Each structure stands twice: as C-alpha cells, then as structure tokens.
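Structure first, then comments.
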Amino acid sequence: MTTTTSTSTGTPIDAGAVAASRRRRSIRYRVITLALAVGVLTAFTVSLMLGQTFYTPIEVARVILGDTVPGASFTVGELRLPRAVLGVMAGFSLGMAGVTFQTMLRNPLASPDIIGISWGASAAGVFAIVILGVSQVQVSAIAICAALATAMLIYVLAYKDGVLGTRLILIGIGIAAMLESVVAYVIVQASQWDLQAAMRWLTGSLNGAVWEQVLPTAIATVLLAPLLLSRSRDLQMLQMGDDAAAALGVRVETSRLVVILIAVTLIAFATAAAGPIAFVAFLSGPIAARIIGPYGSLLLPSALVGALLVLCADLVGQYGFGTRYPVGVITGAVGAPYLIYLLVRVHRSGGSL
C-alpha cells in the first residue's frame with residue numbers, strides 16, 4: 001500500500017517514491033565511496049611495487065605482513081612504505097580539512113592553502129630550518145604550532161557578531177600574502193644547503209619520508225578524522241547559514257570553533273610532515289561533490305579523493321617524466337588552472353567571494 005501526503009500547496013507526495021529515492025542516493029553514495037577507497041588501495045599498492053626494482057603484489061604483501069624478503073624488506077619496508085603511508089595520510093587529512101572549510105564557509109575558495117593556514121606552517125617551517133637550524137622533529141612541532149596560531153589569528157580578526165565567510169577569506173588571503181613575504185625574506189638569507197632543504201620542504205614532497213616523520217601524522221589522522229566525521233551533521237547545518245543552523249539546535253559558534261580546530265590540526269600535521277602540498281585541500285572537495293552529487297556528507301569522499309590525488313601525483317612526478325618532480329609540483333600544475341577557472345566563472349556569473 002502506497003502512502004501519500006501533500007505539501008502546503010496541495011501537491012501529493014508519494015512517500016514510497018521518496019523512500020526509494022533516498023535508498024538510491026544512499027546506495028550511490030556508498031558505492032562511490034567504496035570505489036574511491038579501492039582506488040586509494042590500488043594506487044598505494046602500485047606505489048609500493050614500482051621503482052628501480054619491481055616487486056610483485058605477493059612480495060609487497062609479505063613485507064607488510066612481516067616476512068623477510070631479500071631486497072624487498074628494505075626497499076619496500078623502509079623506503080617505499082613510509083612514503084606511501086605519508087602520501088595517504090597527508091592527502092586524507094588535507095582533503096577532509098579542505099572540504100570542511102569550503103562547506104562551513106559556503107565558498108569553494110575557502111581552502112586552507114588559499115586563506116593562509118598552510119602558509120603559517122610554511123613560514124614557521126622555513127624560519128626553523130634557515131634561522132634556527134633545528135632538527136626535523138622540531139621543525140614539524142614549530143610548523144604545527146604556527147598553523148594553529150595562524151588559524152586562530154584569522155578567526156579572531158574575522159569575528160564580528162559571528163564569522164562571515166567572505167570576511168574570513170579576505171583576511172586569510174591578506175595574512176597569506178604577509179606570510180609569503182616572510183618566506184621570501186628568509187629564503188634570501190639562507191645558505192645554499194639550508195636553501196635546498198627549505199625549498200624541498202616548501203614545494204611539498206614525500207621524498208625521504210621516514211617512520212619518525214610519518215607516525216605523528218598517522219596518529220593525528222586516525223584520532224582526529226573520526227572526530228570530524230562525528231561533526232558532519234553540524235557541518236551540514238552550518239552550510240545552510242547560522243540562523244538556520246541555530247534554529248535546528250546547533251550551537252553555532254561552539255560547533256564552528258571545534259570544527260575549525262580539528263581541521264586545522266589535521267592540516268598542521270600533514271603540512272609539518274610533507275610540506276604544503278599545493279591545491280590538494282582546494283581540489284578534493286569539488287571533485288568529490290561532482291562525483292557524489294548534492295546528497296550526503298562530503299567529508300569521507302573528499303578525504304579519499306585527497307589521498308588518491310597525492311598518491312597519483314607522486315607516481316606521475318616520479319615516473320611520468322624524464323626527471324623526478326616533487327608531488328607538490330604536480331598538484332600545483334593541476335590546481336592552478338582550476339583556480340583560474342573558478343575565479344573566471346565567479347566573475348562572469350556576477351558573484352563574489
């Protein structure tokens with residue numbers, strides 16, 4: 001028996017059809033999310049197999065399970081595996097954090113690398129490398145603290161009876177410009193050795209990844225990603241505007257601050273470990289939205305898209321050209337044209353930031 005109701009205008013609604021439509025959307029969401037997860041797993045496996053020496057999937061699996069495989073145990077276990085894990089964790093964190101800002105502020109330009117948060121970590125990291133001359137662990141700690149401080153500064157400066165998305169974006173772009181000038185000044189003062197280390201870190205690279213560098217990022221991602229996923233409903237409510245979210249029972253400023261803090265911490269750990277990998281946070285959300293559609297939370301799909309982007313870009317950078325490029329060069333080459341396209345589209349539609 002089919003149940004029908006009617007809207008305020010008297011138009012009948014088939015409840016069975018509505019339920020069937022929701023089931024189809026739910027199935028589509030799960031299938032696409034699963035497909036993205038399979039894509040990440042495939043790219044991860046390929047990154048462990050390829051190199052100067054090719055190892056079969058069976059040999060890779062044996063190494064991961066702890067067996068001793070001559071040659072592969074060192075090459076895969078100590079060189080390729082940390083690199084691939086860092087790529088997954090950094091991409092996952094950047095993708096999830098990026099779509100968090102874009103959703104909360106209702107603007108595709110509200111990405112951490114556009115509004116200055118990544119530049120906070122970059123400026124601090126370069127300063128630590130060139131001026132302070134500290135170890136990699138200390139560079140990472142300083143970069144994490146600087147990213148959090150930059151985010152809080154932007155939030156405080158943008159706060160006026162609430163946080164308006166446009167105001168936060170413009171203030172963030174201004175902060176990013178100032179931090180870029182700090183980076184440029186520090187680079188000018190650097191010695192040749194420090195300059196190479198700083199530029200390698202600034203570009204965004206998985207080269208030389210070691211477990212001491214990977215584990216903090218992995219732990220932060222495993223702990224913080226579920227917390228952010230648990231806030232997905234609040235995030236979707238905030239997307240409708242502060243008044244609507246408050247009417248639906250969301251504590252707007254508290255929820256916004258918690259979500260920002262979690263997202264920024266994810267960005268900070270990813271950037272501290274791999275450097276500011278360009279445009280991953282910016283691209284992951286729009287790509288996920290295009291393939292998922294307007295229904296359901298984009299947090300997990302965007303995180304998987306981010307991981308897939310980083311892994312694929314790293315493979316292209318290593319094996320797609322005559323020379324090897326850091327992953328940030330490849331993602332920057334993909335992301336910059338999209339940013340230009342987005343700005344042109346907004347201008348032609350008469351919209352604003």
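Ligands are numbered from 1 in the order shown, chains are lettered A, B, ... in the order of the structure tokens, and residues start at 1 in each chain.
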
Distance query Val252 (chain A) at most 7 Å, only C-alpha atoms, self and fewer than 5 positions along chain excluded, as a ChimeraX atom specification: /A:242,245-246

Every residue of region 43-189 of chain A that DSSP places in helix (DSSP H, G or I), as a PyMOL selection string: chain A and resi 43-49+57-64+72-104+117-132+136-158+165-189

Straight-line distance linking CA of Leu298 (chain A) with CA of Val327 (chain A), stated in Å to one decimal: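 Straight-line distance from CA of Leu298 (chain A) to CA of Val327 (chain A) works out to 24.0 Å.
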
Interatomic distance, CA of Gly293 (chain A) to CA of Ser21 (chain A) (Å, one decimal):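 Between CA of Gly293 (chain A) and CA of Ser21 (chain A) the gap is 13.4 Å.
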
Per residue of region 50-147 of chain A within 10 Å of region 268-289 of chain A, record the nearest atom pair and its distance in Å to one decimal, counting only C-alpha atoms, with rows in chain order and ascending residue number, as JSON lines.
{"residue": "A:Arg83", "atom": "CA", "partner": "A:Ala274", "partner_atom": "CA", "distance": 9.6}
{"residue": "A:Leu86", "atom": "CA", "partner": "A:Ala274", "partner_atom": "CA", "distance": 7.5}
{"residue": "A:Gly87", "atom": "CA", "partner": "A:Ala274", "partner_atom": "CA", "distance": 8.1}
{"residue": "A:Met89", "atom": "CA", "partner": "A:Ala270", "partner_atom": "CA", "distance": 7.3}
{"residue": "A:Ala90", "atom": "CA", "partner": "A:Ala270", "partner_atom": "CA", "distance": 4.6}
{"residue": "A:Gly91", "atom": "CA", "partner": "A:Val280", "partner_atom": "CA", "distance": 6.9}
{"residue": "A:Phe92", "atom": "CA", "partner": "A:Ala270", "partner_atom": "CA", "distance": 9.0}
{"residue": "A:Ser93", "atom": "CA", "partner": "A:Ala270", "partner_atom": "CA", "distance": 6.5}
{"residue": "A:Leu94", "atom": "CA", "partner": "A:Ala281", "partner_atom": "CA", "distance": 4.8}
{"residue": "A:Gly95", "atom": "CA", "partner": "A:Ala281", "partner_atom": "CA", "distance": 4.7}
{"residue": "A:Met96", "atom": "CA", "partner": "A:Ala281", "partner_atom": "CA", "distance": 7.5}
{"residue": "A:Ala97", "atom": "CA", "partner": "A:Ala281", "partner_atom": "CA", "distance": 6.7}
{"residue": "A:Gly98", "atom": "CA", "partner": "A:Ala281", "partner_atom": "CA", "distance": 4.2}
{"residue": "A:Val99", "atom": "CA", "partner": "A:Gly285", "partner_atom": "CA", "distance": 4.7}
{"residue": "A:Thr100", "atom": "CA", "partner": "A:Gly285", "partner_atom": "CA", "distance": 8.5}
{"residue": "A:Phe101", "atom": "CA", "partner": "A:Ala281", "partner_atom": "CA", "distance": 9.3}
{"residue": "A:Gln102", "atom": "CA", "partner": "A:Gly285", "partner_atom": "CA", "distance": 7.6}
{"residue": "A:Thr103", "atom": "CA", "partner": "A:Gly285", "partner_atom": "CA", "distance": 8.6}
{"residue": "A:Pro108", "atom": "CA", "partner": "A:Pro286", "partner_atom": "CA", "distance": 7.4}
{"residue": "A:Leu109", "atom": "CA", "partner": "A:Phe282", "partner_atom": "CA", "distance": 7.3}
{"residue": "A:Ala110", "atom": "CA", "partner": "A:Phe282", "partner_atom": "CA", "distance": 7.9}
{"residue": "A:Ser111", "atom": "CA", "partner": "A:Phe282", "partner_atom": "CA", "distance": 5.2}
{"residue": "A:Pro112", "atom": "CA", "partner": "A:Ala281", "partner_atom": "CA", "distance": 6.7}
{"residue": "A:Asp113", "atom": "CA", "partner": "A:Phe279", "partner_atom": "CA", "distance": 6.8}
{"residue": "A:Ile114", "atom": "CA", "partner": "A:Phe282", "partner_atom": "CA", "distance": 7.8}
{"residue": "A:Ile117", "atom": "CA", "partner": "A:Ala268", "partner_atom": "CA", "distance": 8.3}
{"residue": "A:Ser118", "atom": "CA", "partner": "A:Pro276", "partner_atom": "CA", "distance": 6.1}
{"residue": "A:Trp119", "atom": "CA", "partner": "A:Pro276", "partner_atom": "CA", "distance": 7.7}
{"residue": "A:Gly120", "atom": "CA", "partner": "A:Ala268", "partner_atom": "CA", "distance": 9.1}
{"residue": "A:Ala121", "atom": "CA", "partner": "A:Ala268", "partner_atom": "CA", "distance": 6.7}
{"residue": "A:Ser122", "atom": "CA", "partner": "A:Pro276", "partner_atom": "CA", "distance": 6.7}
{"residue": "A:Ala124", "atom": "CA", "partner": "A:Ala272", "partner_atom": "CA", "distance": 9.8}
{"residue": "A:Gly125", "atom": "CA", "partner": "A:Ala272", "partner_atom": "CA", "distance": 7.6}
{"residue": "A:Gln136", "atom": "CA", "partner": "A:Ala273", "partner_atom": "CA", "distance": 8.9}
{"residue": "A:Val137", "atom": "CA", "partner": "A:Ala272", "partner_atom": "CA", "distance": 9.0}
{"residue": "A:Gln138", "atom": "CA", "partner": "A:Ala272", "partner_atom": "CA", "distance": 9.8}
{"residue": "A:Val139", "atom": "CA", "partner": "A:Ala272", "partner_atom": "CA", "distance": 7.3}
{"residue": "A:Ser140", "atom": "CA", "partner": "A:Ala272", "partner_atom": "CA", "distance": 4.5}
{"residue": "A:Ala141", "atom": "CA", "partner": "A:Ala272", "partner_atom": "CA", "distance": 7.4}
{"residue": "A:Ile142", "atom": "CA", "partner": "A:Ala272", "partner_atom": "CA", "distance": 8.4}
{"residue": "A:Ala143", "atom": "CA", "partner": "A:Ala272", "partner_atom": "CA", "distance": 5.6}
{"residue": "A:Ile144", "atom": "CA", "partner": "A:Ala268", "partner_atom": "CA", "distance": 4.6}
{"residue": "A:Cys145", "atom": "CA", "partner": "A:Ala268", "partner_atom": "CA", "distance": 7.7}
{"residue": "A:Ala146", "atom": "CA", "partner": "A:Ala268", "partner_atom": "CA", "distance": 8.2}
{"residue": "A:Ala147", "atom": "CA", "partner": "A:Ala268", "partner_atom": "CA", "distance": 5.6}

Neighbour list for Ala184 (chain A) as a VMD selection string, cut-off 12 Å, only C-alpha atoms, skip fewer than 5 positions in-chain: chain A and resid 119 122 to 123 126 to 127 130 177 to 179 189 to 190 195 198 to 199 202

Coordinates-based distance that separates CA of Ser302 (chain A) from CA of Thr221 (chain A) (Å, one decimal): 14.1 Å

Selected residue of minimal separation from Glu253 (chain A) among A:Met104, A:Leu81, A:Val334, A:Ile58, counting only C-alpha atoms: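 Comparing A:Met104, A:Leu81, A:Val334, A:Ile58 against Glu253 (chain A), the winner is A:Met104.
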
Best match for closeness to Leu311 (chain A) among A:Leu215, A:Ala197, A:Val85, A:Ala151, counting only C-alpha atoms: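 Of A:Leu215, A:Ala197, A:Val85, A:Ala151, the one nearest Leu311 (chain A), counting only C-alpha atoms, is A:Val85.
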
Neighbour list for Gly172 (chain A) as a ChimeraX atom specification, cut-off 8 Å, only C-alpha atoms, skip fewer than 2 positions in-chain: /A:114-117,154,168-170,174-176

Arg231 (chain A) environment, 8 Å, only C-alpha atoms, sequence neighbours closer than 4 positions dropped, as a ChimeraX atom specification: /A:227,235,259

Selected residue of minimal separation from Leu79 (chain A) among A:Ser47, A:Asn107, A:Thr42, A:Ser232, counting only C-alpha atoms: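 Under the stated criterion, the closest residue is A:Ser47.
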
Exercise: Thr68 (chain A) partners within 10 Å, only C-alpha atoms, chain neighbours under 6 positions left out, as a ChimeraX atom specification: /A:59,62,74,77
